[in-house]
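> Submitted below is the structure of interest, expressed as structure tokens.
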Amino acid sequence: MRLSFLIARQEFIKYITRRGFFISILMFPVWIAIVILIPQWTGGSPQRFFTIVDRAGGYREAILDALTREDAERELTTLSAYVRANVDGDKLRATAPALADMFDRPQSTRSITALDALGGWKGALHKLAAFRKPAARLFHPPTPRFVYVEPPATLAQARQVGAAARPFLESGRFYAVLLVPKDFGAGGRYTAEYFASDQSDRELRAFLADALSAALQRRVLDRVAPALADSDALDVAASVESRNPVKGNSLTGRAETFDSLVPIALAVILFIVSVMNASVLLQGVVEEKSSRMIEVLLSCATPREITSGKLVGVILVALVTVTIWASALFGLMALADASTVSLVFGAMRSVATLDTLPLLLLFFFCGLLIYGSVFLAIGSMATSLADAQSLLGPAMLILMLPNLMISGIMHDPNGELASIISWVPFYTPFFMMLRIASHPPAVQLWGTATLAIATTAFMIWWTGRIFAKHVLTTERPPTLRGLVKRGVQLVTRRRD
Amino acid sequence: MTDIVLELSNVTKRFGNFTAVDHLSFKLNRGRILGFLGPNGAGKTTTLRMLLGILPPDEGTMAVLGRDVTKVRQRTGYLPEERGLYKRMRADAAIAYIATLKGMKRTDAFARARTLLADFGLDEFARVRIEGLSKGMAQKVQLLAAVAHDPEFVILDEPFSGLDPVNQTEVEAYVRALATQGKTILFSTHTMQHAERLCDEIVVIAKGRKLFDGTVDAARALFPRRAHVGADADLSFLRQVPGVLQATPPALGESHWTLEMVEGADGRAVLAACFAKGVPLTYFDFAPPSLHDVFVSLVERTP
């Protein structure tokens with residue numbers, strides 16, 4: 001035990017003082033910053049400039065009305081998120097309930113009209129001044145997604161709009177040109193033409209289609225019930241409130257998204273940390289073999305003490321890595337959007353409840369130990385890094401398989417596929433971490449936990465034997481056939 | 001306390017069909033230095049690994065300090081042939097790490113490491129990483145790592161590898177001092193001069209089998225003393241001199257006749273015979289066979 005502890009301590013110090021460790025620690029926040037912060041600083045999604053050639057008449061105005069509403073709705077949604085994070089909600093609700101209601105329902109027409117009456121976001125912020133928290137941050141209004149530009153005469157009067165639009169699209173002046181033909185809406189013809197050189201972004205096209213549909217419906221209404229068309233009665237937006245009975249019927253929304261993302265993040269972090277640290281473990285064993293340091297260690301401790309010390313060392317490094325990464329992640333999220341931090345914390349609390357936290361930790365450590373054992377066994381069989389690479393390739397293919405199944409499993413976390421694959425010993429920790437927030441049946445939960453413990457114990461034992469058998473050999477690593485044969489021999493024989 | 005520190009009895013180790021060590025037996029008493037000699041592939045490393053408890057023997061018994069080798073790990077020290085240290089570790093930490101694995105407390109191990117480094121004049125390199133030390137310095141640090149925990153039995157595999165003559169002398173003196181302190185030392189080497197100077201006893205093995213076990217003098221006594229005589233004349237008449245068993249003319253490229261003498265023969269009889277014949281000598285050497293000669297002869301005779 002003491003020797004294992006000493007070896008674990010040395011392994012931990014050896015790995016965390018390597019240049020590669022610092023680089024990997026720094027790389028993750030940089031990577032997250034690129035993913036999270038840069039889109040924020042650059043204004044998120046790009047602005048699309050477009051124009052409309054309205055040969056039918058009246059539809060351009062309808063689309064511009066829809067555009068104004070879209071901008072106002074986005075502005076109010078962003079403002080609502082800002083209010084949640086930076087305003088004393090209770091005080092606001094008690095003192096100005098109408099204002100609070102406006103921020104609670106940012107999609108409703110009434111709220112959008114109310115914001116307009118206040119003079120837009122500047123007027124709303126002025127009203128909120130008395131309710132802002134002391135450390136409230138500056139509000140950054142969203143930039144409009146779509147910007148309408150009047151069509152130039154050459155385009156507006158062109159016979160062939162597509163051909164005339166081409167130079168404008170190629171030069172980037174317009175992202176898209178919409179042609180509403182003269183007979184649009186008459187005689188059952190409801191097709192407008194959308195010209196764009198880049199068809200990958202479908203948001204603008206969908207927005208224009210919705211706006212045209214609403215305009216057509218309005219025209220029909222004008223014809224059949226003109227009195228109703230001018231009424232506000234139809235200007236409503238329905239919403240569906242999502243509630244989860246498992247969580248006390250509480251309202252769910254954005255937090256629900258994080259509830260499903262957190263298990264994925266935990267499982268992926270398990271994989272990244274395992275592969276990153278366990279591959280260093282492999283490299284370390286190969287170096288010890290080549291420097292004959294392994295002989296010195298074996299003259300001090302048993303193979304099992306050495307392997308367990310090395311595995312514990314890797315777990316400590318993994319824990320430090322995860323802690324630093326998590327801190328960096330929360331720091332960056334706080335920089336980007338403070339409300340996200342509380343949502344992620346909420347999601348973590350919902351994933352890691354008092355019931356599930358021990359199992360979550362168990363699966364995490366079992367996963368680390370299983371993957372670490374595989375890499376340690378490979379390292380002890382290899383005589384050089386090149387040899388190790390040849391064994392590492394197939395092992396990585398096997399270990400990476402769960403990553404390819406994440407979306408399938410998360411689509412139906414308690415489905416047949418998830419239930420079956422969770423019983424594959426190598427993959428049990430990974431898949432159960434993915435599924436744990438989805439409340440799998442108790443039999444599966446405790447059964448797979450037992451399986452994970454048994455697999456981990458077996459892998460540590462097996463690695464100890466492989467290590468003892470191969471760590472001093474200088475011959476080439478065994479073939480796959482030989483490997484299987486030796487594995488079977490090691491399991492069936494008590495001693496060589 | 002037993003005087004026999006190391007005892008091997010009919011120890012055999014096989015790897016598949018290959019017998020690396022074949023019924024090897026020898027003993028080593030406390031405070032003695034034993035040279036473990038053999039050509040490449042003789043089974044030395046396998047024997048050392050068995051002595052360290054890394055490999056179990058297939059047959060036979062072995063005891064270190066009167067016990068099973070795996071039970072006395074903390075009382076033994078080991079210096080591997082080359083680079084048996086972590087390159088990125090500092091010198092004092094490298095010594096202290098092995099000492100703690102051998103049972104010392106961490107603070108004591110660091111204090112001991114610094115004392116030993118100072119004794120070797122390496123105190124200013126205590127905080128230098130192993131990769132920053134010269135090969136000779138790293139070898140000394142490695143030797144200190146093997147003995148920092150004050151072991152009773154020390155195994156040194158090629159301890160003089162990479163050392164210049166000055167450092168070799170220094171390490172030789174240190175090994176002798178260890179023996180004087182009562183430590184028992186077994187060292188494996190290819191350099192016969194070191195074995196000749198240091199060892200009280202030697203064990204020579206080849207192809208896994210023991211060829212010789214005894215003192216250096218006993219090894220020399222296995223072969224007749226030889227006289228080397230140089231002259232610009234035919235010296236075959238020396239075969240008639242009492243005490244001369246055989247006189248061999250110089251081989252191609254050599255200039256000396258080789259005379260094999262009976263045990264206790266007097267070289268002066270050879271000189272007197274040459275003087276009587278009026279043969280002027282250009283060279284005369286009458287020394288016991290070197291360990292190098294003994295080693296080569298023993299190994300060459302192995303079937």
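Ordering of the structure tokens sets the chain letters (A, B, ...); residue numbers start at 1 within each chain; ligands are numbered from 1 in the order shown.
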Could you tell me, as a compact mmCIF listing (two decimals) with N, CA and C atoms, in the first residue's frame, which residues of range 14-236 of chain B DSSP assigns to helix (DSSP H, G or I) when given the backbone?


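Just written: out-v3.txt:
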```
# COMPACT_ATOMS: atom_id res chain seq x y z
N LYS B 44 23.72 -13.84 -16.92
CA LYS B 44 23.99 -12.95 -15.77
C LYS B 44 22.76 -12.13 -15.41
N THR B 45 22.16 -11.48 -16.42
CA THR B 45 21.01 -10.60 -16.14
C THR B 45 19.85 -11.40 -15.56
N THR B 46 19.63 -12.59 -16.10
CA THR B 46 18.54 -13.43 -15.57
C THR B 46 18.81 -13.78 -14.12
N THR B 47 20.07 -14.10 -13.82
CA THR B 47 20.43 -14.44 -12.43
C THR B 47 20.21 -13.23 -11.51
N LEU B 48 20.65 -12.05 -11.99
CA LEU B 48 20.49 -10.85 -11.17
C LEU B 48 19.00 -10.58 -10.93
N ARG B 49 18.18 -10.76 -11.97
CA ARG B 49 16.73 -10.53 -11.82
C ARG B 49 16.12 -11.51 -10.82
N MET B 50 16.65 -12.74 -10.81
CA MET B 50 16.14 -13.70 -9.82
C MET B 50 16.58 -13.27 -8.42
N LEU B 51 17.80 -12.76 -8.32
CA LEU B 51 18.30 -12.32 -7.01
C LEU B 51 17.52 -11.12 -6.48
N VAL B 69 14.06 -14.03 -1.34
CA VAL B 69 14.54 -12.75 -1.87
C VAL B 69 13.46 -11.66 -1.86
N THR B 70 12.20 -12.04 -2.04
CA THR B 70 11.14 -11.03 -2.09
C THR B 70 10.85 -10.44 -0.72
N LYS B 71 11.35 -11.11 0.33
CA LYS B 71 11.08 -10.62 1.69
C LYS B 71 12.15 -9.64 2.18
N ARG B 73 13.60 -7.11 0.16
CA ARG B 73 13.81 -6.07 -0.84
C ARG B 73 14.38 -4.79 -0.22
N GLN B 74 13.91 -4.46 0.99
CA GLN B 74 14.34 -3.21 1.61
C GLN B 74 15.79 -3.29 2.10
N ARG B 75 16.33 -4.51 2.17
CA ARG B 75 17.71 -4.66 2.67
C ARG B 75 18.70 -4.87 1.53
N ALA B 91 18.64 15.41 -9.10
CA ALA B 91 19.53 14.37 -8.57
C ALA B 91 19.15 13.95 -7.16
N ASP B 92 18.91 14.92 -6.27
CA ASP B 92 18.60 14.55 -4.88
C ASP B 92 17.25 13.83 -4.80
N ALA B 93 16.28 14.29 -5.62
CA ALA B 93 14.95 13.65 -5.60
C ALA B 93 15.03 12.22 -6.14
N ALA B 94 15.90 12.01 -7.14
CA ALA B 94 16.03 10.68 -7.73
C ALA B 94 16.57 9.70 -6.68
N ILE B 95 17.58 10.15 -5.93
CA ILE B 95 18.16 9.27 -4.89
C ILE B 95 17.12 9.04 -3.79
N ALA B 96 16.46 10.14 -3.39
CA ALA B 96 15.49 10.05 -2.28
C ALA B 96 14.30 9.17 -2.66
N TYR B 97 13.89 9.23 -3.93
CA TYR B 97 12.72 8.43 -4.36
C TYR B 97 12.99 6.93 -4.18
N ILE B 98 14.17 6.49 -4.66
CA ILE B 98 14.50 5.06 -4.51
C ILE B 98 14.62 4.70 -3.03
N ALA B 99 15.22 5.61 -2.27
CA ALA B 99 15.40 5.34 -0.83
C ALA B 99 14.05 5.22 -0.13
N THR B 100 13.06 6.05 -0.53
CA THR B 100 11.74 5.95 0.11
C THR B 100 11.05 4.64 -0.31
N LEU B 101 11.26 4.25 -1.57
CA LEU B 101 10.68 2.96 -2.00
C LEU B 101 11.31 1.80 -1.22
N ARG B 106 10.65 10.13 3.91
CA ARG B 106 10.97 11.09 2.83
C ARG B 106 12.00 12.13 3.27
N THR B 107 11.80 12.69 4.46
CA THR B 107 12.73 13.74 4.91
C THR B 107 14.12 13.16 5.13
N ASP B 108 14.16 11.96 5.72
CA ASP B 108 15.46 11.31 5.96
C ASP B 108 16.13 10.98 4.63
N ALA B 109 15.31 10.55 3.68
CA ALA B 109 15.86 10.15 2.38
C ALA B 109 16.50 11.36 1.67
N PHE B 110 15.82 12.51 1.75
CA PHE B 110 16.38 13.71 1.11
C PHE B 110 17.67 14.15 1.82
N ALA B 111 17.67 14.08 3.16
CA ALA B 111 18.87 14.46 3.91
C ALA B 111 20.03 13.54 3.54
N ARG B 112 19.74 12.26 3.47
CA ARG B 112 20.77 11.26 3.13
C ARG B 112 21.29 11.50 1.69
N ALA B 113 20.35 11.80 0.79
CA ALA B 113 20.75 12.04 -0.60
C ALA B 113 21.72 13.21 -0.69
N ARG B 114 21.42 14.27 0.04
CA ARG B 114 22.29 15.45 -0.03
C ARG B 114 23.66 15.16 0.58
N THR B 115 23.67 14.38 1.68
CA THR B 115 24.94 14.01 2.31
C THR B 115 25.80 13.20 1.34
N LEU B 116 25.17 12.22 0.72
CA LEU B 116 25.92 11.35 -0.21
C LEU B 116 26.43 12.15 -1.41
N LEU B 117 25.60 13.05 -1.92
CA LEU B 117 26.04 13.87 -3.06
C LEU B 117 27.22 14.74 -2.66
N ALA B 118 27.16 15.28 -1.44
CA ALA B 118 28.26 16.12 -0.96
C ALA B 118 29.53 15.27 -0.81
N ASP B 119 29.39 14.03 -0.31
CA ASP B 119 30.55 13.15 -0.16
C ASP B 119 31.22 12.88 -1.51
N ASP B 123 27.45 18.10 -4.53
CA ASP B 123 26.42 18.85 -3.82
C ASP B 123 25.84 20.00 -4.65
N GLU B 124 26.68 20.59 -5.51
CA GLU B 124 26.16 21.70 -6.30
C GLU B 124 25.25 21.22 -7.44
N PHE B 125 25.21 19.91 -7.66
CA PHE B 125 24.34 19.37 -8.71
C PHE B 125 23.07 18.72 -8.13
N ILE B 130 18.51 14.97 -13.93
CA ILE B 130 19.41 13.89 -14.38
C ILE B 130 19.83 14.15 -15.83
N GLU B 131 18.87 14.62 -16.66
CA GLU B 131 19.18 14.84 -18.08
C GLU B 131 20.23 15.94 -18.26
N GLY B 132 20.44 16.76 -17.22
CA GLY B 132 21.43 17.83 -17.30
C GLY B 132 22.80 17.42 -16.78
N LYS B 135 27.31 11.87 -18.25
CA LYS B 135 27.05 10.44 -18.08
C LYS B 135 27.70 9.90 -16.80
N GLY B 136 28.91 10.38 -16.54
CA GLY B 136 29.63 9.94 -15.35
C GLY B 136 28.92 10.36 -14.08
N MET B 137 28.46 11.62 -14.06
CA MET B 137 27.75 12.12 -12.88
C MET B 137 26.46 11.34 -12.66
N ALA B 138 25.74 11.11 -13.76
CA ALA B 138 24.47 10.37 -13.66
C ALA B 138 24.72 8.96 -13.13
N GLN B 139 25.83 8.37 -13.55
CA GLN B 139 26.17 7.02 -13.08
C GLN B 139 26.45 7.02 -11.57
N LYS B 140 27.13 8.10 -11.11
CA LYS B 140 27.40 8.19 -9.67
C LYS B 140 26.10 8.38 -8.90
N VAL B 141 25.22 9.23 -9.43
CA VAL B 141 23.93 9.46 -8.77
C VAL B 141 23.16 8.14 -8.68
N GLN B 142 23.25 7.37 -9.74
CA GLN B 142 22.56 6.08 -9.77
C GLN B 142 23.13 5.14 -8.71
N LEU B 143 24.45 5.16 -8.58
CA LEU B 143 25.10 4.32 -7.56
C LEU B 143 24.64 4.74 -6.16
N LEU B 144 24.58 6.06 -5.97
CA LEU B 144 24.15 6.56 -4.66
C LEU B 144 22.69 6.18 -4.39
N ALA B 145 21.87 6.19 -5.45
CA ALA B 145 20.46 5.80 -5.29
C ALA B 145 20.36 4.34 -4.86
N ALA B 146 21.32 3.53 -5.30
CA ALA B 146 21.28 2.11 -4.96
C ALA B 146 21.67 1.84 -3.51
N VAL B 147 22.43 2.76 -2.91
CA VAL B 147 22.93 2.49 -1.55
C VAL B 147 22.43 3.48 -0.49
N PRO B 165 38.66 7.25 -16.23
CA PRO B 165 39.55 6.55 -15.28
C PRO B 165 39.56 7.17 -13.89
N VAL B 166 39.50 8.49 -13.80
CA VAL B 166 39.53 9.14 -12.48
C VAL B 166 38.28 8.75 -11.70
N ASN B 167 37.13 8.85 -12.36
CA ASN B 167 35.88 8.51 -11.68
C ASN B 167 35.80 7.01 -11.38
N GLN B 168 36.38 6.19 -12.26
CA GLN B 168 36.40 4.75 -12.00
C GLN B 168 37.13 4.47 -10.69
N THR B 169 38.27 5.14 -10.52
CA THR B 169 39.06 4.95 -9.29
C THR B 169 38.23 5.38 -8.08
N GLU B 170 37.52 6.50 -8.24
CA GLU B 170 36.71 7.02 -7.14
C GLU B 170 35.60 6.03 -6.76
N VAL B 171 34.93 5.49 -7.79
CA VAL B 171 33.84 4.55 -7.53
C VAL B 171 34.38 3.25 -6.95
N GLU B 172 35.56 2.81 -7.46
CA GLU B 172 36.18 1.60 -6.91
C GLU B 172 36.44 1.76 -5.41
N ALA B 173 36.96 2.94 -5.08
CA ALA B 173 37.25 3.20 -3.66
C ALA B 173 35.96 3.18 -2.85
N TYR B 174 34.88 3.71 -3.44
CA TYR B 174 33.60 3.75 -2.74
C TYR B 174 33.05 2.34 -2.53
N VAL B 175 33.20 1.51 -3.56
CA VAL B 175 32.71 0.11 -3.45
C VAL B 175 33.51 -0.62 -2.37
N ARG B 176 34.82 -0.39 -2.35
CA ARG B 176 35.64 -1.02 -1.31
C ARG B 176 35.21 -0.56 0.08
N ALA B 177 34.92 0.77 0.16
CA ALA B 177 34.48 1.32 1.46
C ALA B 177 33.17 0.68 1.90
N LEU B 178 32.30 0.42 0.95
CA LEU B 178 31.02 -0.22 1.29
C LEU B 178 31.27 -1.60 1.88
N ALA B 179 32.20 -2.32 1.26
CA ALA B 179 32.53 -3.67 1.77
C ALA B 179 33.15 -3.58 3.16
N THR B 180 33.98 -2.56 3.36
CA THR B 180 34.61 -2.37 4.67
C THR B 180 33.54 -2.12 5.74
N MET B 192 37.65 -7.02 -16.84
CA MET B 192 38.32 -7.92 -15.91
C MET B 192 39.26 -7.19 -14.95
N GLN B 193 39.80 -6.05 -15.41
CA GLN B 193 40.70 -5.31 -14.52
C GLN B 193 39.99 -4.89 -13.24
N HIS B 194 38.71 -4.47 -13.39
CA HIS B 194 37.95 -4.06 -12.21
C HIS B 194 37.74 -5.25 -11.29
N ALA B 195 37.37 -6.37 -11.88
CA ALA B 195 37.12 -7.57 -11.07
C ALA B 195 38.41 -7.99 -10.35
N GLU B 196 39.52 -7.91 -11.11
CA GLU B 196 40.82 -8.32 -10.56
C GLU B 196 41.20 -7.44 -9.36
N ARG B 197 40.92 -6.15 -9.50
CA ARG B 197 41.31 -5.22 -8.43
C ARG B 197 40.38 -5.30 -7.23
N LEU B 198 39.08 -5.51 -7.50
CA LEU B 198 38.08 -5.34 -6.44
C LEU B 198 37.64 -6.63 -5.76
N VAL B 216 40.10 -15.01 -6.81
CA VAL B 216 40.80 -14.64 -8.03
C VAL B 216 42.09 -15.46 -8.14
N ASP B 217 42.77 -15.64 -7.01
CA ASP B 217 44.02 -16.42 -7.03
C ASP B 217 43.75 -17.87 -7.45
N ALA B 218 42.67 -18.42 -6.93
CA ALA B 218 42.31 -19.80 -7.30
C ALA B 218 42.02 -19.89 -8.79
N ALA B 219 41.41 -18.85 -9.33
CA ALA B 219 41.12 -18.84 -10.76
C ALA B 219 42.42 -18.82 -11.56
N ARG B 220 43.35 -18.00 -11.09
CA ARG B 220 44.63 -17.93 -11.80
C ARG B 220 45.37 -19.26 -11.74
N ALA B 221 45.16 -19.93 -10.60
CA ALA B 221 45.87 -21.19 -10.40
C ALA B 221 45.34 -22.31 -11.29
N SER B 236 63.77 -22.75 -28.92
CA SER B 236 63.20 -24.09 -28.65
C SER B 236 64.03 -24.87 -27.64
```

> Residues of range 63-257 of chain A in strand (DSSP E) according to DSSP, as a list in words?

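Strand (DSSP E) members of range 63-257 of chain A, listed: Phe146, Val147, Tyr148, Ala176, Val177, Leu178, Leu179, Val180, Glu193, Tyr194, Phe195, Ser242, Arg243, Asn244, Ser250, Leu251 and Thr252 of chain A.
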
> Just to be explicit: take each residue in the selection above, keep C-alpha atoms, and write the result as an mmCIF file, in the first residue's frame.


```cif
data_model
loop_
_atom_site.group_PDB
_atom_site.id
_atom_site.type_symbol
_atom_site.label_atom_id
_atom_site.label_comp_id
_atom_site.auth_asym_id
_atom_site.auth_seq_id
_atom_site.Cartn_x
_atom_site.Cartn_y
_atom_site.Cartn_z
ATOM 1 C CA PHE A 146 -31.697 39.907 -41.613
ATOM 2 C CA VAL A 147 -31.285 43.380 -43.124
ATOM 3 C CA TYR A 148 -33.499 44.586 -45.960
ATOM 4 C CA ALA A 176 -30.384 36.622 -51.306
ATOM 5 C CA VAL A 177 -32.946 38.154 -53.653
ATOM 6 C CA LEU A 178 -36.649 37.309 -53.323
ATOM 7 C CA LEU A 179 -38.876 37.592 -56.384
ATOM 8 C CA VAL A 180 -42.619 37.752 -55.689
ATOM 9 C CA GLU A 193 -38.468 32.582 -56.124
ATOM 10 C CA TYR A 194 -35.453 32.793 -53.825
ATOM 11 C CA PHE A 195 -32.099 33.509 -55.478
ATOM 12 C CA SER A 242 -43.056 22.157 -20.516
ATOM 13 C CA ARG A 243 -43.233 20.570 -17.053
ATOM 14 C CA ASN A 244 -41.405 17.557 -15.658
ATOM 15 C CA SER A 250 -41.392 22.561 -12.280
ATOM 16 C CA LEU A 251 -41.311 24.543 -15.470
ATOM 17 C CA THR A 252 -38.580 23.456 -17.838
#
```

> Distance table requested - chain A against chain B, cut-off 12 Å, only C-alpha atoms: one row per qualifying residue with the closest atom pair and its distance in Å to one decimal, ordered by chain and rising residue number, as a tab-separated table.


```
residue	atom	partner	partner_atom	distance
A:Met1	CA	B:Leu101	CA	11.3
A:Arg2	CA	B:Leu101	CA	8.5
A:Leu3	CA	B:Leu101	CA	6.1
A:Ser4	CA	B:Leu101	CA	9.3
A:Phe5	CA	B:Leu101	CA	9.9
A:Leu6	CA	B:Leu101	CA	7.0
A:Ile7	CA	B:Leu101	CA	8.2
A:Ala8	CA	B:Leu101	CA	11.6
A:Arg9	CA	B:Tyr97	CA	10.3
A:Gln10	CA	B:Tyr97	CA	8.1
A:Glu11	CA	B:Tyr86	CA	10.8
A:Ile13	CA	B:Met89	CA	9.8
A:Lys14	CA	B:Arg88	CA	8.0
A:Tyr15	CA	B:Arg88	CA	10.5
A:Thr17	CA	B:Arg88	CA	9.2
A:Arg18	CA	B:Arg88	CA	8.9
A:Arg19	CA	B:Arg88	CA	11.3
A:Gly284	CA	B:Tyr86	CA	9.8
A:Val285	CA	B:Tyr86	CA	11.3
A:Glu287	CA	B:Tyr86	CA	8.9
A:Glu288	CA	B:Tyr86	CA	7.8
A:Lys289	CA	B:Gly84	CA	9.3
A:Ser290	CA	B:Arg83	CA	8.8
A:Ser291	CA	B:Arg83	CA	5.3
A:Arg292	CA	B:Gly84	CA	5.0
A:Met293	CA	B:Gly84	CA	4.1
A:Ile294	CA	B:Gly84	CA	7.7
A:Glu295	CA	B:Pro80	CA	7.3
A:Val296	CA	B:Tyr78	CA	6.7
A:Leu297	CA	B:Ile98	CA	8.1
A:Leu298	CA	B:Ile54	CA	6.0
A:Ser299	CA	B:Leu52	CA	5.4
A:Cys300	CA	B:Arg73	CA	5.9
A:Ala301	CA	B:Leu101	CA	7.6
A:Thr302	CA	B:Ile54	CA	8.1
A:Pro303	CA	B:Ile54	CA	8.8
A:Glu305	CA	B:Leu101	CA	11.1
A:Ile306	CA	B:Leu101	CA	10.9
A:Gly309	CA	B:Leu101	CA	11.9
A:Phe467	CA	B:Ile54	CA	11.7
A:Ala468	CA	B:Ile54	CA	8.5
A:Lys469	CA	B:Leu55	CA	9.4
A:His470	CA	B:Leu55	CA	11.4
A:Val471	CA	B:Ile54	CA	10.5
A:Leu472	CA	B:Ile54	CA	9.1
A:Thr473	CA	B:Phe15	CA	10.8
A:Arg495	CA	B:Pro56	CA	10.5
A:Asp496	CA	B:Asp58	CA	9.4
```

> Would you output that residue set with C-alpha atoms, as an mmCIF file, in the first residue's frame?


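Below you can see result_36.cif, which holds the result:
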```cif
data_model
loop_
_atom_site.group_PDB
_atom_site.id
_atom_site.type_symbol
_atom_site.label_atom_id
_atom_site.label_comp_id
_atom_site.auth_asym_id
_atom_site.auth_seq_id
_atom_site.Cartn_x
_atom_site.Cartn_y
_atom_site.Cartn_z
ATOM 1 C CA MET A 1 0.000 0.000 0.000
ATOM 2 C CA ARG A 2 2.760 2.409 0.999
ATOM 3 C CA LEU A 3 4.747 1.560 -2.119
ATOM 4 C CA SER A 4 1.690 2.037 -4.329
ATOM 5 C CA PHE A 5 1.123 5.428 -2.727
ATOM 6 C CA LEU A 6 4.769 6.442 -3.281
ATOM 7 C CA ILE A 7 4.624 5.326 -6.924
ATOM 8 C CA ALA A 8 1.277 7.116 -7.408
ATOM 9 C CA ARG A 9 2.747 10.289 -5.947
ATOM 10 C CA GLN A 10 5.789 10.089 -8.192
ATOM 11 C CA GLU A 11 3.648 9.399 -11.278
ATOM 12 C CA ILE A 13 4.385 14.726 -10.021
ATOM 13 C CA LYS A 14 6.040 13.345 -13.154
ATOM 14 C CA TYR A 15 2.995 13.958 -15.326
ATOM 15 C CA THR A 17 5.332 18.802 -14.373
ATOM 16 C CA ARG A 18 5.530 17.868 -18.044
ATOM 17 C CA ARG A 19 5.272 20.561 -20.671
ATOM 18 C CA GLY A 284 5.995 6.390 -19.357
ATOM 19 C CA VAL A 285 6.124 2.590 -19.136
ATOM 20 C CA GLU A 287 10.444 4.914 -21.335
ATOM 21 C CA GLU A 288 10.957 3.040 -18.062
ATOM 22 C CA LYS A 289 11.574 -0.147 -19.986
ATOM 23 C CA SER A 290 14.121 1.455 -22.259
ATOM 24 C CA SER A 291 15.946 3.161 -19.369
ATOM 25 C CA ARG A 292 15.774 0.018 -17.166
ATOM 26 C CA MET A 293 14.130 2.142 -14.478
ATOM 27 C CA ILE A 294 11.470 -0.547 -14.468
ATOM 28 C CA GLU A 295 14.042 -3.005 -13.068
ATOM 29 C CA VAL A 296 14.785 -0.632 -10.211
ATOM 30 C CA LEU A 297 11.061 -0.312 -9.483
ATOM 31 C CA LEU A 298 10.618 -4.080 -9.641
ATOM 32 C CA SER A 299 13.496 -4.490 -7.194
ATOM 33 C CA CYS A 300 11.489 -2.338 -4.762
ATOM 34 C CA ALA A 301 7.863 -3.308 -5.324
ATOM 35 C CA THR A 302 5.702 -6.054 -6.765
ATOM 36 C CA PRO A 303 4.192 -5.671 -10.270
ATOM 37 C CA GLU A 305 1.988 -2.451 -6.406
ATOM 38 C CA ILE A 306 3.584 -0.732 -9.395
ATOM 39 C CA GLY A 309 0.395 3.038 -8.078
ATOM 40 C CA PHE A 467 2.816 -6.271 -16.668
ATOM 41 C CA ALA A 468 4.668 -8.918 -14.644
ATOM 42 C CA LYS A 469 4.918 -11.186 -17.658
ATOM 43 C CA HIS A 470 5.954 -8.720 -20.334
ATOM 44 C CA VAL A 471 7.479 -5.650 -18.774
ATOM 45 C CA LEU A 472 11.008 -7.073 -18.837
ATOM 46 C CA THR A 473 10.832 -8.650 -22.254
ATOM 47 C CA ARG A 495 1.249 -19.217 -12.102
ATOM 48 C CA ASP A 496 3.575 -19.566 -15.082
#
```

> Show which residues sit within 7 Å of Pro106 in chain A, as a JSON list (two decimals) with C-alpha atoms, in the first residue's frame. Count only C-alpha atoms, and ignore same-chain residues fewer than 6 positions away.


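As written to disk, selection.json reads:
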```
[["chain", "number", "residue", "atom", "x", "y", "z"],
["A", 73, "GLU", "CA", -38.79, 39.85, -30.51],
["A", 76, "LEU", "CA", -36.90, 41.53, -26.07],
["A", 77, "THR", "CA", -35.68, 37.90, -25.68],
["A", 80, "SER", "CA", -35.30, 39.18, -20.83],
["A", 112, "ILE", "CA", -43.41, 43.50, -28.09]]
```

> Please, what distance in Å, to one decimal, runs between CA of Leu451 in chain A and CA of Pro425 in chain A?

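A separation of 6.7 Å between them.
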
> For Gly367 in chain A, which residue out of A:Leu311, A:Val262, A:Ala129, A:Ala209 is the nearest one, using only C-alpha atoms?

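Comparing A:Leu311, A:Val262, A:Ala129, A:Ala209 against Gly367 in chain A, the winner is A:Leu311.
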
> Counting only C-alpha atoms, what is within 10 Å of Arg67 in chain B, bar same-chain residues fewer than 5 positions away, as an MDAnalysis selection string?

chainID B and resid 5:7 62 72

> Just N, CA and C atoms for this one: save the residues we selected as an mmCIF file, in the first residue's frame.


```cif
data_model
loop_
_atom_site.group_PDB
_atom_site.id
_atom_site.type_symbol
_atom_site.label_atom_id
_atom_site.label_comp_id
_atom_site.auth_asym_id
_atom_site.auth_seq_id
_atom_site.Cartn_x
_atom_site.Cartn_y
_atom_site.Cartn_z
ATOM 1 N N VAL B 5 25.353 -14.426 3.144
ATOM 2 C CA VAL B 5 24.387 -13.417 2.717
ATOM 3 C C VAL B 5 23.617 -13.904 1.487
ATOM 4 N N LEU B 6 24.302 -14.628 0.644
ATOM 5 C CA LEU B 6 23.669 -15.057 -0.600
ATOM 6 C C LEU B 6 23.958 -16.541 -0.830
ATOM 7 N N GLU B 7 22.903 -17.274 -1.134
ATOM 8 C CA GLU B 7 23.092 -18.696 -1.372
ATOM 9 C C GLU B 7 22.158 -19.168 -2.477
ATOM 10 N N MET B 62 16.991 -20.232 -3.643
ATOM 11 C CA MET B 62 17.915 -19.115 -3.444
ATOM 12 C C MET B 62 17.484 -18.324 -2.222
ATOM 13 N N VAL B 72 13.226 -9.506 1.406
ATOM 14 C CA VAL B 72 14.332 -8.657 1.884
ATOM 15 C C VAL B 72 14.631 -7.526 0.904
#
```
